[in-house]
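**Q** File follows, data.cif with mmCIF, C-alpha atoms and all ligand atoms:
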```cif
data_data
#
loop_
_atom_site.group_PDB
_atom_site.id
_atom_site.type_symbol
_atom_site.label_atom_id
_atom_site.label_comp_id
_atom_site.auth_asym_id
_atom_site.auth_seq_id
_atom_site.Cartn_x
_atom_site.Cartn_y
_atom_site.Cartn_z
ATOM 1 C CA MET A 1 151.867 -10.730 131.984
ATOM 2 C CA GLU A 2 149.361 -12.803 133.929
ATOM 3 C CA GLN A 3 145.874 -12.471 132.520
ATOM 4 C CA VAL A 4 143.663 -14.483 134.851
ATOM 5 C CA ASP A 5 141.413 -12.516 137.207
ATOM 6 C CA ARG A 6 143.492 -13.097 140.306
ATOM 7 C CA ASP A 7 141.316 -11.098 142.723
ATOM 8 C CA GLN A 8 138.178 -12.936 141.681
ATOM 9 C CA ILE A 9 139.828 -16.350 141.990
ATOM 10 C CA ILE A 10 141.137 -15.516 145.466
ATOM 11 C CA ASN A 11 137.722 -14.163 146.542
ATOM 12 C CA GLU A 12 135.978 -17.305 145.351
ATOM 13 C CA LEU A 13 138.539 -19.543 147.031
ATOM 14 C CA GLU A 14 138.179 -17.644 150.326
ATOM 15 C CA LYS A 15 134.408 -18.089 150.206
ATOM 16 C CA GLU A 16 133.919 -21.478 148.582
ATOM 17 C CA ALA A 17 137.348 -23.207 148.610
ATOM 18 C CA TYR A 18 137.086 -23.648 144.854
ATOM 19 C CA SER A 19 137.110 -21.490 141.746
ATOM 20 C CA ILE A 20 136.596 -22.210 138.047
ATOM 21 C CA PHE A 21 138.154 -19.657 135.739
ATOM 22 C CA ASP A 22 139.250 -18.916 132.174
ATOM 23 C CA LEU A 23 142.920 -19.322 131.378
ATOM 24 C CA ALA A 24 144.738 -16.754 129.273
ATOM 25 C CA GLU A 25 144.980 -17.341 125.522
ATOM 26 C CA SER A 26 148.778 -17.334 125.849
ATOM 27 C CA PHE A 27 148.564 -20.330 128.207
ATOM 28 C CA ASN A 28 145.998 -22.162 126.099
ATOM 29 C CA SER A 29 148.012 -22.018 122.890
ATOM 30 C CA LYS A 30 151.205 -23.242 124.604
ATOM 31 C CA PHE A 31 149.291 -25.944 126.479
ATOM 32 C CA ASN A 32 147.519 -27.159 123.313
ATOM 33 C CA GLU A 33 150.845 -27.414 121.519
ATOM 34 C CA PHE A 34 152.281 -29.335 124.487
ATOM 35 C CA LEU A 35 149.296 -31.670 124.626
ATOM 36 C CA LYS A 36 149.278 -32.367 120.912
ATOM 37 C CA ARG A 37 152.976 -33.242 120.982
ATOM 38 C CA TYR A 38 152.524 -35.781 123.795
ATOM 39 C CA THR A 39 149.195 -37.324 122.786
ATOM 40 C CA THR A 40 150.100 -37.745 119.100
ATOM 41 C CA SER A 41 153.086 -39.943 119.879
ATOM 42 C CA ILE A 42 151.191 -42.087 122.407
ATOM 43 C CA LEU A 43 148.211 -42.455 120.061
ATOM 44 C CA LYS A 44 150.633 -43.633 117.375
ATOM 45 C CA ASP A 45 151.919 -46.328 119.769
ATOM 46 C CA PHE A 46 148.332 -47.608 119.903
ATOM 47 C CA GLY A 47 147.981 -47.460 116.121
ATOM 48 C CA LEU A 48 145.631 -44.485 116.290
ATOM 49 C CA GLU A 49 145.686 -41.283 114.280
ATOM 50 C CA THR A 50 145.372 -37.897 115.944
ATOM 51 C CA LEU A 51 141.837 -37.562 117.168
ATOM 52 C CA SER A 52 139.753 -35.540 119.542
ATOM 53 C CA LEU A 53 140.189 -36.888 123.072
ATOM 54 C CA GLU A 54 136.398 -36.659 123.461
ATOM 55 C CA GLN A 55 136.162 -39.416 120.836
ATOM 56 C CA LEU A 56 138.810 -41.637 122.427
ATOM 57 C CA HIS A 57 136.221 -44.270 123.470
ATOM 58 C CA LEU A 58 135.406 -44.864 119.791
ATOM 59 C CA SER A 59 138.969 -45.936 118.956
ATOM 60 C CA LEU A 60 140.539 -47.258 122.120
ATOM 61 C CA LYS A 61 139.318 -50.483 123.707
ATOM 62 C CA GLN A 62 138.256 -50.367 127.347
ATOM 63 C CA GLU A 63 140.989 -52.889 128.257
ATOM 64 C CA GLN A 64 143.658 -50.644 126.668
ATOM 65 C CA LEU A 65 142.538 -47.583 128.591
ATOM 66 C CA ASN A 66 144.685 -47.931 131.694
ATOM 67 C CA THR A 67 147.842 -48.711 129.705
ATOM 68 C CA PHE A 68 147.140 -45.674 127.524
ATOM 69 C CA ARG A 69 146.590 -43.499 130.614
ATOM 70 C CA LEU A 70 149.789 -44.697 132.314
ATOM 71 C CA LYS A 71 151.881 -44.232 129.153
ATOM 72 C CA LEU A 72 150.593 -40.712 128.651
ATOM 73 C CA ILE A 73 151.181 -39.681 132.252
ATOM 74 C CA LYS A 74 154.649 -41.247 132.261
ATOM 75 C CA SER A 75 155.530 -39.362 129.134
ATOM 76 C CA ILE A 76 154.164 -36.040 130.471
ATOM 77 C CA SER A 77 156.027 -36.537 133.765
ATOM 78 C CA GLU A 78 159.417 -37.178 132.177
ATOM 79 C CA THR A 79 160.048 -33.431 131.996
ATOM 80 C CA ASN A 80 158.930 -30.475 134.106
ATOM 81 C CA GLU A 81 157.448 -28.825 131.027
ATOM 82 C CA LEU A 82 153.835 -28.902 132.230
ATOM 83 C CA THR A 83 154.441 -27.435 135.694
ATOM 84 C CA ASP A 84 156.903 -24.905 134.261
ATOM 85 C CA LEU A 85 154.178 -23.802 131.865
ATOM 86 C CA ILE A 86 151.613 -23.465 134.671
ATOM 87 C CA TYR A 87 154.088 -21.684 136.930
ATOM 88 C CA ALA A 88 155.191 -19.243 134.209
ATOM 89 C CA GLU A 89 151.581 -18.281 133.461
ATOM 90 C CA LEU A 90 150.262 -18.210 137.025
ATOM 91 C CA THR A 91 153.255 -17.129 139.121
ATOM 92 C CA HIS A 92 151.451 -14.269 140.877
ATOM 93 C CA LEU A 93 148.344 -16.319 141.536
ATOM 94 C CA LEU A 94 150.380 -19.201 143.007
ATOM 95 C CA HIS A 95 152.400 -16.816 145.169
ATOM 96 C CA SER A 96 149.158 -15.230 146.416
ATOM 97 C CA LEU A 97 147.702 -18.632 147.259
ATOM 98 C CA VAL A 98 150.587 -20.420 148.987
ATOM 99 C CA GLY A 99 153.512 -17.960 149.049
ATOM 100 C CA PRO A 100 156.729 -18.056 147.023
ATOM 101 C CA ASP A 101 158.086 -21.252 148.641
ATOM 102 C CA ILE A 102 156.230 -23.839 146.622
ATOM 103 C CA ALA A 103 156.139 -27.629 146.357
ATOM 104 C CA VAL A 104 154.396 -29.273 143.410
ATOM 105 C CA GLN A 105 153.157 -32.826 142.858
ATOM 106 C CA LYS A 106 155.870 -34.686 140.942
ATOM 107 C CA ILE A 107 153.559 -36.848 138.843
ATOM 108 C CA PRO A 108 150.249 -35.259 137.883
ATOM 109 C CA GLY A 109 147.061 -37.309 138.023
ATOM 110 C CA LEU A 110 145.329 -38.079 134.737
ATOM 111 C CA SER A 111 141.691 -39.094 134.724
ATOM 112 C CA ILE A 112 139.946 -40.576 131.669
ATOM 113 C CA GLN A 113 136.261 -41.389 131.871
ATOM 114 C CA PHE A 114 134.731 -43.278 128.972
ATOM 115 C CA PRO A 115 130.947 -43.070 128.614
ATOM 116 C CA GLY A 116 129.319 -45.807 130.702
ATOM 117 C CA ASP A 117 132.598 -46.889 132.334
ATOM 118 C CA GLU A 118 131.891 -47.868 135.931
ATOM 119 C CA SER A 119 135.502 -48.842 136.630
ATOM 120 C CA SER A 120 136.771 -45.236 136.493
ATOM 121 C CA ILE A 121 134.390 -43.882 139.125
ATOM 122 C CA LEU A 122 136.086 -41.859 141.818
ATOM 123 C CA PRO A 123 134.060 -42.489 144.992
ATOM 124 C CA PHE A 124 133.002 -39.676 147.334
ATOM 125 C CA HIS A 125 136.112 -38.762 149.379
ATOM 126 C CA SER A 126 138.452 -36.094 150.735
ATOM 127 C CA ASP A 127 142.142 -36.470 149.801
ATOM 128 C CA VAL A 128 143.071 -35.659 153.381
ATOM 129 C CA HIS A 129 141.743 -39.104 154.336
ATOM 130 C CA ALA A 130 144.076 -40.626 151.769
ATOM 131 C CA GLY A 131 147.373 -39.231 153.055
ATOM 132 C CA ASN A 132 147.450 -35.691 151.664
ATOM 133 C CA SER A 133 147.832 -32.766 154.057
ATOM 134 C CA PRO A 134 145.001 -30.211 154.384
ATOM 135 C CA TYR A 135 147.430 -27.495 153.196
ATOM 136 C CA GLU A 136 147.297 -28.298 149.505
ATOM 137 C CA PHE A 137 145.200 -27.273 146.559
ATOM 138 C CA VAL A 138 144.442 -29.086 143.344
ATOM 139 C CA PHE A 139 144.965 -27.418 139.987
ATOM 140 C CA TRP A 140 142.447 -29.268 137.827
ATOM 141 C CA LEU A 141 142.767 -28.915 134.082
ATOM 142 C CA PRO A 142 140.095 -30.323 131.730
ATOM 143 C CA LEU A 143 141.429 -31.506 128.358
ATOM 144 C CA THR A 144 137.888 -32.108 127.087
ATOM 145 C CA ARG A 145 134.519 -30.758 128.122
ATOM 146 C CA ALA A 146 133.623 -31.816 131.656
ATOM 147 C CA GLU A 147 129.858 -31.400 131.746
ATOM 148 C CA GLY A 148 126.754 -32.898 133.319
ATOM 149 C CA THR A 149 127.360 -36.418 134.593
ATOM 150 C CA ASN A 150 131.037 -36.427 133.628
ATOM 151 C CA ALA A 151 131.907 -33.266 135.572
ATOM 152 C CA MET A 152 133.303 -33.770 139.045
ATOM 153 C CA PHE A 153 131.036 -33.041 142.002
ATOM 154 C CA LEU A 154 132.048 -31.190 145.164
ATOM 155 C CA LEU A 155 130.445 -30.952 148.583
ATOM 156 C CA PRO A 156 130.373 -27.214 149.451
ATOM 157 C CA LEU A 157 132.768 -25.799 152.040
ATOM 158 C CA GLN A 158 130.341 -25.488 154.972
ATOM 159 C CA GLU A 159 128.900 -28.982 154.424
ATOM 160 C CA SER A 160 132.399 -30.463 153.999
ATOM 161 C CA LEU A 161 133.474 -28.791 157.244
ATOM 162 C CA LYS A 162 130.401 -30.141 159.041
ATOM 163 C CA LEU A 163 131.047 -33.626 157.736
ATOM 164 C CA GLU A 164 134.739 -33.466 158.666
ATOM 165 C CA ARG A 165 133.992 -32.175 162.169
ATOM 166 C CA ARG A 166 131.297 -34.644 163.048
ATOM 167 C CA GLY A 167 133.898 -37.423 162.861
ATOM 168 C CA TRP A 168 133.605 -40.765 161.213
ATOM 169 C CA ASP A 169 131.052 -43.394 161.885
ATOM 170 C CA GLU A 170 133.011 -46.409 160.691
ATOM 171 C CA SER A 171 129.842 -48.409 160.272
ATOM 172 C CA LYS A 172 128.576 -45.947 157.672
ATOM 173 C CA ALA A 173 129.778 -46.374 154.111
ATOM 174 C CA LEU A 174 130.895 -43.237 152.312
ATOM 175 C CA SER A 175 128.242 -43.948 149.709
ATOM 176 C CA ASP A 176 125.579 -43.654 152.466
ATOM 177 C CA ILE A 177 127.091 -40.383 153.651
ATOM 178 C CA LYS A 178 127.148 -39.184 150.058
ATOM 179 C CA SER A 179 123.445 -39.918 149.637
ATOM 180 C CA GLU A 180 122.762 -38.006 152.866
ATOM 181 C CA TYR A 181 124.361 -34.945 151.242
ATOM 182 C CA LYS A 182 123.169 -35.577 147.687
ATOM 183 C CA ASP A 183 121.079 -32.403 147.481
ATOM 184 C CA ASP A 184 124.072 -30.263 148.457
ATOM 185 C CA LEU A 185 126.528 -31.559 145.851
ATOM 186 C CA ILE A 186 127.757 -29.099 143.216
ATOM 187 C CA ARG A 187 128.582 -30.189 139.658
ATOM 188 C CA THR A 188 131.690 -28.358 138.513
ATOM 189 C CA GLY A 189 131.239 -27.972 134.762
ATOM 190 C CA SER A 190 134.173 -26.645 132.745
ATOM 191 C CA GLY A 191 136.007 -27.257 129.506
ATOM 192 C CA PRO A 192 139.203 -26.707 127.526
ATOM 193 C CA GLY A 193 140.607 -23.228 128.121
ATOM 194 C CA GLN A 194 139.449 -23.251 131.733
ATOM 195 C CA ALA A 195 140.865 -24.546 134.995
ATOM 196 C CA MET A 196 139.537 -25.252 138.439
ATOM 197 C CA ILE A 197 141.407 -24.748 141.686
ATOM 198 C CA PHE A 198 139.941 -26.483 144.702
ATOM 199 C CA SER A 199 140.865 -27.492 148.199
ATOM 200 C CA HIS A 200 140.883 -31.282 148.377
ATOM 201 C CA ASN A 201 139.504 -30.932 151.903
ATOM 202 C CA LEU A 202 136.189 -30.552 150.085
ATOM 203 C CA PHE A 203 134.577 -33.954 149.621
ATOM 204 C CA HIS A 204 134.435 -34.775 145.936
ATOM 205 C CA GLY A 205 134.094 -37.543 143.387
ATOM 206 C CA ASN A 206 132.424 -38.456 140.137
ATOM 207 C CA THR A 207 129.651 -40.629 138.777
ATOM 208 C CA VAL A 208 129.235 -42.792 135.668
ATOM 209 C CA ASN A 209 129.731 -40.674 132.559
ATOM 210 C CA GLU A 210 126.342 -40.671 130.838
ATOM 211 C CA GLU A 211 127.345 -38.049 128.277
ATOM 212 C CA GLY A 212 128.187 -39.175 124.784
ATOM 213 C CA PHE A 213 131.851 -38.240 124.980
ATOM 214 C CA THR A 214 135.013 -39.099 126.913
ATOM 215 C CA ARG A 215 136.125 -36.771 129.699
ATOM 216 C CA VAL A 216 139.873 -36.295 130.238
ATOM 217 C CA SER A 217 141.430 -34.129 132.949
ATOM 218 C CA LEU A 218 144.764 -33.526 134.652
ATOM 219 C CA ASN A 219 145.196 -32.736 138.332
ATOM 220 C CA ILE A 220 148.297 -31.343 140.015
ATOM 221 C CA ARG A 221 148.678 -30.409 143.672
ATOM 222 C CA PHE A 222 150.550 -27.351 144.917
ATOM 223 C CA LYS A 223 151.396 -26.370 148.489
ATOM 224 C CA SER A 224 153.682 -24.136 150.514
ATOM 225 C CA LEU A 225 157.018 -25.788 151.258
ATOM 226 C CA LEU A 226 156.679 -24.362 154.762
ATOM 227 C CA THR A 227 153.388 -25.996 155.758
ATOM 228 C CA PRO A 228 153.135 -29.541 157.146
ATOM 229 C CA PHE A 229 153.243 -32.461 154.726
ATOM 230 C CA GLY A 230 150.939 -35.447 155.155
ATOM 231 C CA GLU A 231 151.963 -38.954 154.150
ATOM 232 C CA LYS A 232 152.581 -37.548 150.658
ATOM 233 C CA LYS A 233 156.103 -36.293 151.253
ATOM 234 C CA LEU A 234 158.553 -33.922 149.680
ATOM 235 C CA GLY A 235 160.946 -35.966 147.551
ATOM 236 C CA SER A 236 158.615 -38.867 146.813
ATOM 237 C CA TYR A 237 155.270 -37.239 145.977
ATOM 238 C CA PHE A 238 156.222 -33.536 145.839
ATOM 239 C CA ARG A 239 159.237 -31.681 144.500
ATOM 240 C CA VAL A 240 160.463 -28.152 145.094
ATOM 241 C CA LEU A 241 159.107 -25.736 142.496
ATOM 242 C CA ASN A 242 160.351 -22.426 143.875
ATOM 243 C CA VAL A 243 162.258 -21.146 146.918
ATOM 244 C CA SER A 244 162.277 -17.513 148.055
ATOM 245 C CA PRO A 245 165.670 -15.796 148.544
ATOM 246 C CA ILE A 246 165.237 -15.459 152.324
ATOM 247 C CA THR A 247 164.244 -19.115 152.772
ATOM 248 C CA ARG A 248 167.248 -20.122 150.661
ATOM 249 C CA ILE A 249 169.591 -18.073 152.893
ATOM 250 C CA GLY A 250 167.916 -19.411 156.046
ATOM 251 C CA VAL A 251 168.394 -23.014 154.926
ATOM 252 C CA MET A 252 172.112 -22.344 154.258
ATOM 253 C CA PHE A 253 172.575 -21.158 157.829
ATOM 254 C CA GLU A 254 170.454 -23.769 159.502
ATOM 255 C CA SER A 255 172.288 -26.733 157.988
HETATM 256 FE FE FE B 1 140.521 -36.597 145.286
#
```
Here is the file; what I need is its structure written in the form of structure tokens.
Ligand SMILES: [Fe+2]

**A**
Amino acid sequence: MEQVDRDQIINELEKEAYSIFDLAESFNSKFNEFLKRYTTSILKDFGLETLSLEQLHLSLKQEQLNTFRLKLIKSISETNELTDLIYAELTHLLHSLVGPDIAVQKIPGLSIQFPGDESSILPFHSDVHAGNSPYEFVFWLPLTRAEGTNAMFLLPLQESLKLERRGWDESKALSDIKSEYKDDLIRTGSGPGQAMIFSHNLFHGNTVNEEGFTRVSLNIRFKSLLTPFGEKKLGSYFRVLNVSPITRIGVMFES
């Protein structure tokens, strides 16, 4: 039984192209168990005891951070456990958003922002300018609090559309464009037990984490199998998550 407020999420997405919502307790307990299993073994590899991810910067050296991040994401991606968990809990929501023929990002993104770390800044951008198609959404899952300066920022839908439509002045750096829109940017605060869904057509990014704790988040893209793919293709970047019976029959007859 799906317990998220599907109508509200869809309404918010229609209006704003993003929605932050509470996940069901049933999802949270399974996800926490999953996370603990994976992080404990990786932490052990680095000689660390189980600790709160928000305190990771106190135990892990800055130069170990990327290796830690890559090991954790490799380990999480070795099975389909994470996407199966999301799909099982949010089947109806996903079907409402993109239909039953679904492709999912094969390897989720994992972002870790230590306090004061300038090297992990995600500059102002839209993923569509980096090879993703416009027909995708990001399921963004915070593993720690994502608040204040360590929360992601989004440029609202109407402003993102305006910026996209006015075309690109190559001579203008994205940082200049960002400062032009700085009063419009929305900080998307959330925390464990919540998720955000957003269209990566919205311009977004982050700034230096000035909070006193590490921010960790996962991001996974979903799309309809039947909408165009960008440079991020099915097979390399995406895999098939679900196929409807009629599409399955159609494919049999077309080939
Ligand atoms: Fe992005």

**Q** Which residues of chain A come within 7 Å of ligand FE 1 (chain B), and what is each one's closest atom pair and distance in Å (one decimal), counting only C-alpha atoms and all ligand atoms, sorted by chain and residue number, as JSON lines?

**A**
```
{"residue": "A:His125", "atom": "CA", "partner": "B:FE1", "partner_atom": "FE", "distance": 6.4}
{"residue": "A:Ser126", "atom": "CA", "partner": "B:FE1", "partner_atom": "FE", "distance": 5.9}
{"residue": "A:Asp127", "atom": "CA", "partner": "B:FE1", "partner_atom": "FE", "distance": 4.8}
{"residue": "A:His200", "atom": "CA", "partner": "B:FE1", "partner_atom": "FE", "distance": 6.2}
{"residue": "A:His204", "atom": "CA", "partner": "B:FE1", "partner_atom": "FE", "distance": 6.4}
{"residue": "A:Gly205", "atom": "CA", "partner": "B:FE1", "partner_atom": "FE", "distance": 6.8}
```

**Q** Please save C-alpha atoms of the selected residues as a CSV table (one decimal), keeping the file's coordinate frame.

**A**
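Just written: selection_20.csv:
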```csv
chain,number,residue,atom,x,y,z
A,125,HIS,CA,136.1,-38.8,149.4
A,126,SER,CA,138.5,-36.1,150.7
A,127,ASP,CA,142.1,-36.5,149.8
A,200,HIS,CA,140.9,-31.3,148.4
A,204,HIS,CA,134.4,-34.8,145.9
A,205,GLY,CA,134.1,-37.5,143.4
```

**Q** Show me, as a ChimeraX atom specification, the residues that have an atom within 8 Å of A:Val243 when counting all atoms listed in the file, minus same-chain residues fewer than 3 positions from it.

**A** /A:100-102,240,247-248

**Q** Kindly list the centre and edge lengths in Å, rounded to one decimal, for the axis-aligned box that covers all listed atoms of stretch 39-50 of chain A plus 4 Å on each of its six sides, as lines of an AutoDock Vina configuration file.

**A**
```
center_x = 149.2
center_y = -42.5
center_z = 118.5
size_x = 15.7
size_y = 18.3
size_z = 16.5
```

**Q** Could you tell me which residues the PyMOL selection byres (((chain A and resi 223) around 8) and not hetatm) grabs in this file, written as number ranges by chain?

**A** A: 98, 102-104, 135-137, 221-222, 224-225, 227

**Q** Please save C-alpha atoms of the selected residues as a compact mmCIF listing (two decimals), keeping the file's coordinate frame.

**A**
```txt
# COMPACT_ATOMS: atom_id res chain seq x y z
CA VAL A 98 150.59 -20.42 148.99
CA ILE A 102 156.23 -23.84 146.62
CA ALA A 103 156.14 -27.63 146.36
CA VAL A 104 154.40 -29.27 143.41
CA TYR A 135 147.43 -27.50 153.20
CA GLU A 136 147.30 -28.30 149.50
CA PHE A 137 145.20 -27.27 146.56
CA ARG A 221 148.68 -30.41 143.67
CA PHE A 222 150.55 -27.35 144.92
CA SER A 224 153.68 -24.14 150.51
CA LEU A 225 157.02 -25.79 151.26
CA THR A 227 153.39 -26.00 155.76
```

**Q** Of the candidates A:Lys15, A:Lys74, A:Lys178, A:Arg215, which shows the shortest atom-to-atom distance to A:Leu141, using all atoms listed in the file?

**A**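 For A:Leu141, the nearest of the given residues is A:Arg215.
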
**Q** Which residues are near A:Ser75? Cut-off 10 Å, all atoms listed in the file, ignore same chain within fewer than 4 positions. Put them as a list in words.

**A**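 Close residues of A:Ser75: Tyr38, Thr39, Ser41, Ile42, Arg69, Leu70, Lys71 and Thr79 of chain A.
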
**Q** What's the 12 Å shell around A:Glu164, counting only C-alpha atoms, without same-chain residues fewer than 6 positions away, as a PyMOL selection string?

**A** chain A and resi 125-129+134+155-158+177+201-203

**Q** Have a look at atom CA of A:Glu14 and atom CA of A:Ile86 and let me know their distance in Å, one decimal.

**A**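 Computing the Euclidean distance for atom CA of A:Glu14 and atom CA of A:Ile86 yields 21.4 Å.
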
**Q** Taking the file as shown, find all residues satisfying the PyMOL selection byres (((chain A and resi 187) around 10) and not hetatm) and write them as an NGL selection string.

**A** :A and (146-155 or 184-186 or 188-190 or 204-206)

**Q** If we count only C-alpha atoms, what is near A:Thr214 at a cut-off of 6 Å, once residues fewer than 6 positions away on the same chain are taken out, given as a PyMOL selection string?

**A** chain A and resi 54+113-115

**Q** Please compute the atom CA of A:Leu218-atom CA of A:Pro192 distance, one decimal, in Å.

**A**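 So the two atoms, atom CA of A:Leu218 and atom CA of A:Pro192, lie 11.3 Å apart.
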
**Q** Evaluate the PyMOL selection byres (((chain A and resi 196) around 9) and not hetatm) and record the selected residues as a PyMOL selection string, following the chain and residue labels used in the document.

**A** chain A and resi 18-22+138-142+188+190+194-195+197-198

**Q** Do you know which residues are at most 12 Å from A:Leu48 counting all atoms listed in the file, after dropping those on the same chain fewer than 3 positions away, and could you put them as a list in words?

**A**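 In the requested format, the answer is Thr39, Thr40, Ser41, Ile42, Leu43, Lys44, Asp45, Leu51, Ser52, Leu53, Gln55, Leu56, His57, Leu58, Ser59, Leu60, Lys61 and Phe68 of chain A.
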
**Q** Let me make sure I understand: among A:Glu118, A:Lys232, A:Ser160, A:Tyr181, which one has the smallest atom-to-atom distance to A:Glu16 if we use only C-alpha atoms?

**A** A:Ser160

**Q** Mind giving me the straight-line distance from atom CA of A:Ile121 to atom CA of A:Gln105 in Å, one decimal?

**A**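 Separating atom CA of A:Ile121 from atom CA of A:Gln105 is a distance of 22.1 Å.
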
**Q** I need every residue sitting at most 12 Å from the point (144.5, -21.9, 126.1) (coordinates as in the file, all atoms listed in the file considered), written as an NGL selection string.

**A** :A and (3-4 or 21-35 or 85-86 or 89 or 141-143 or 191-195)
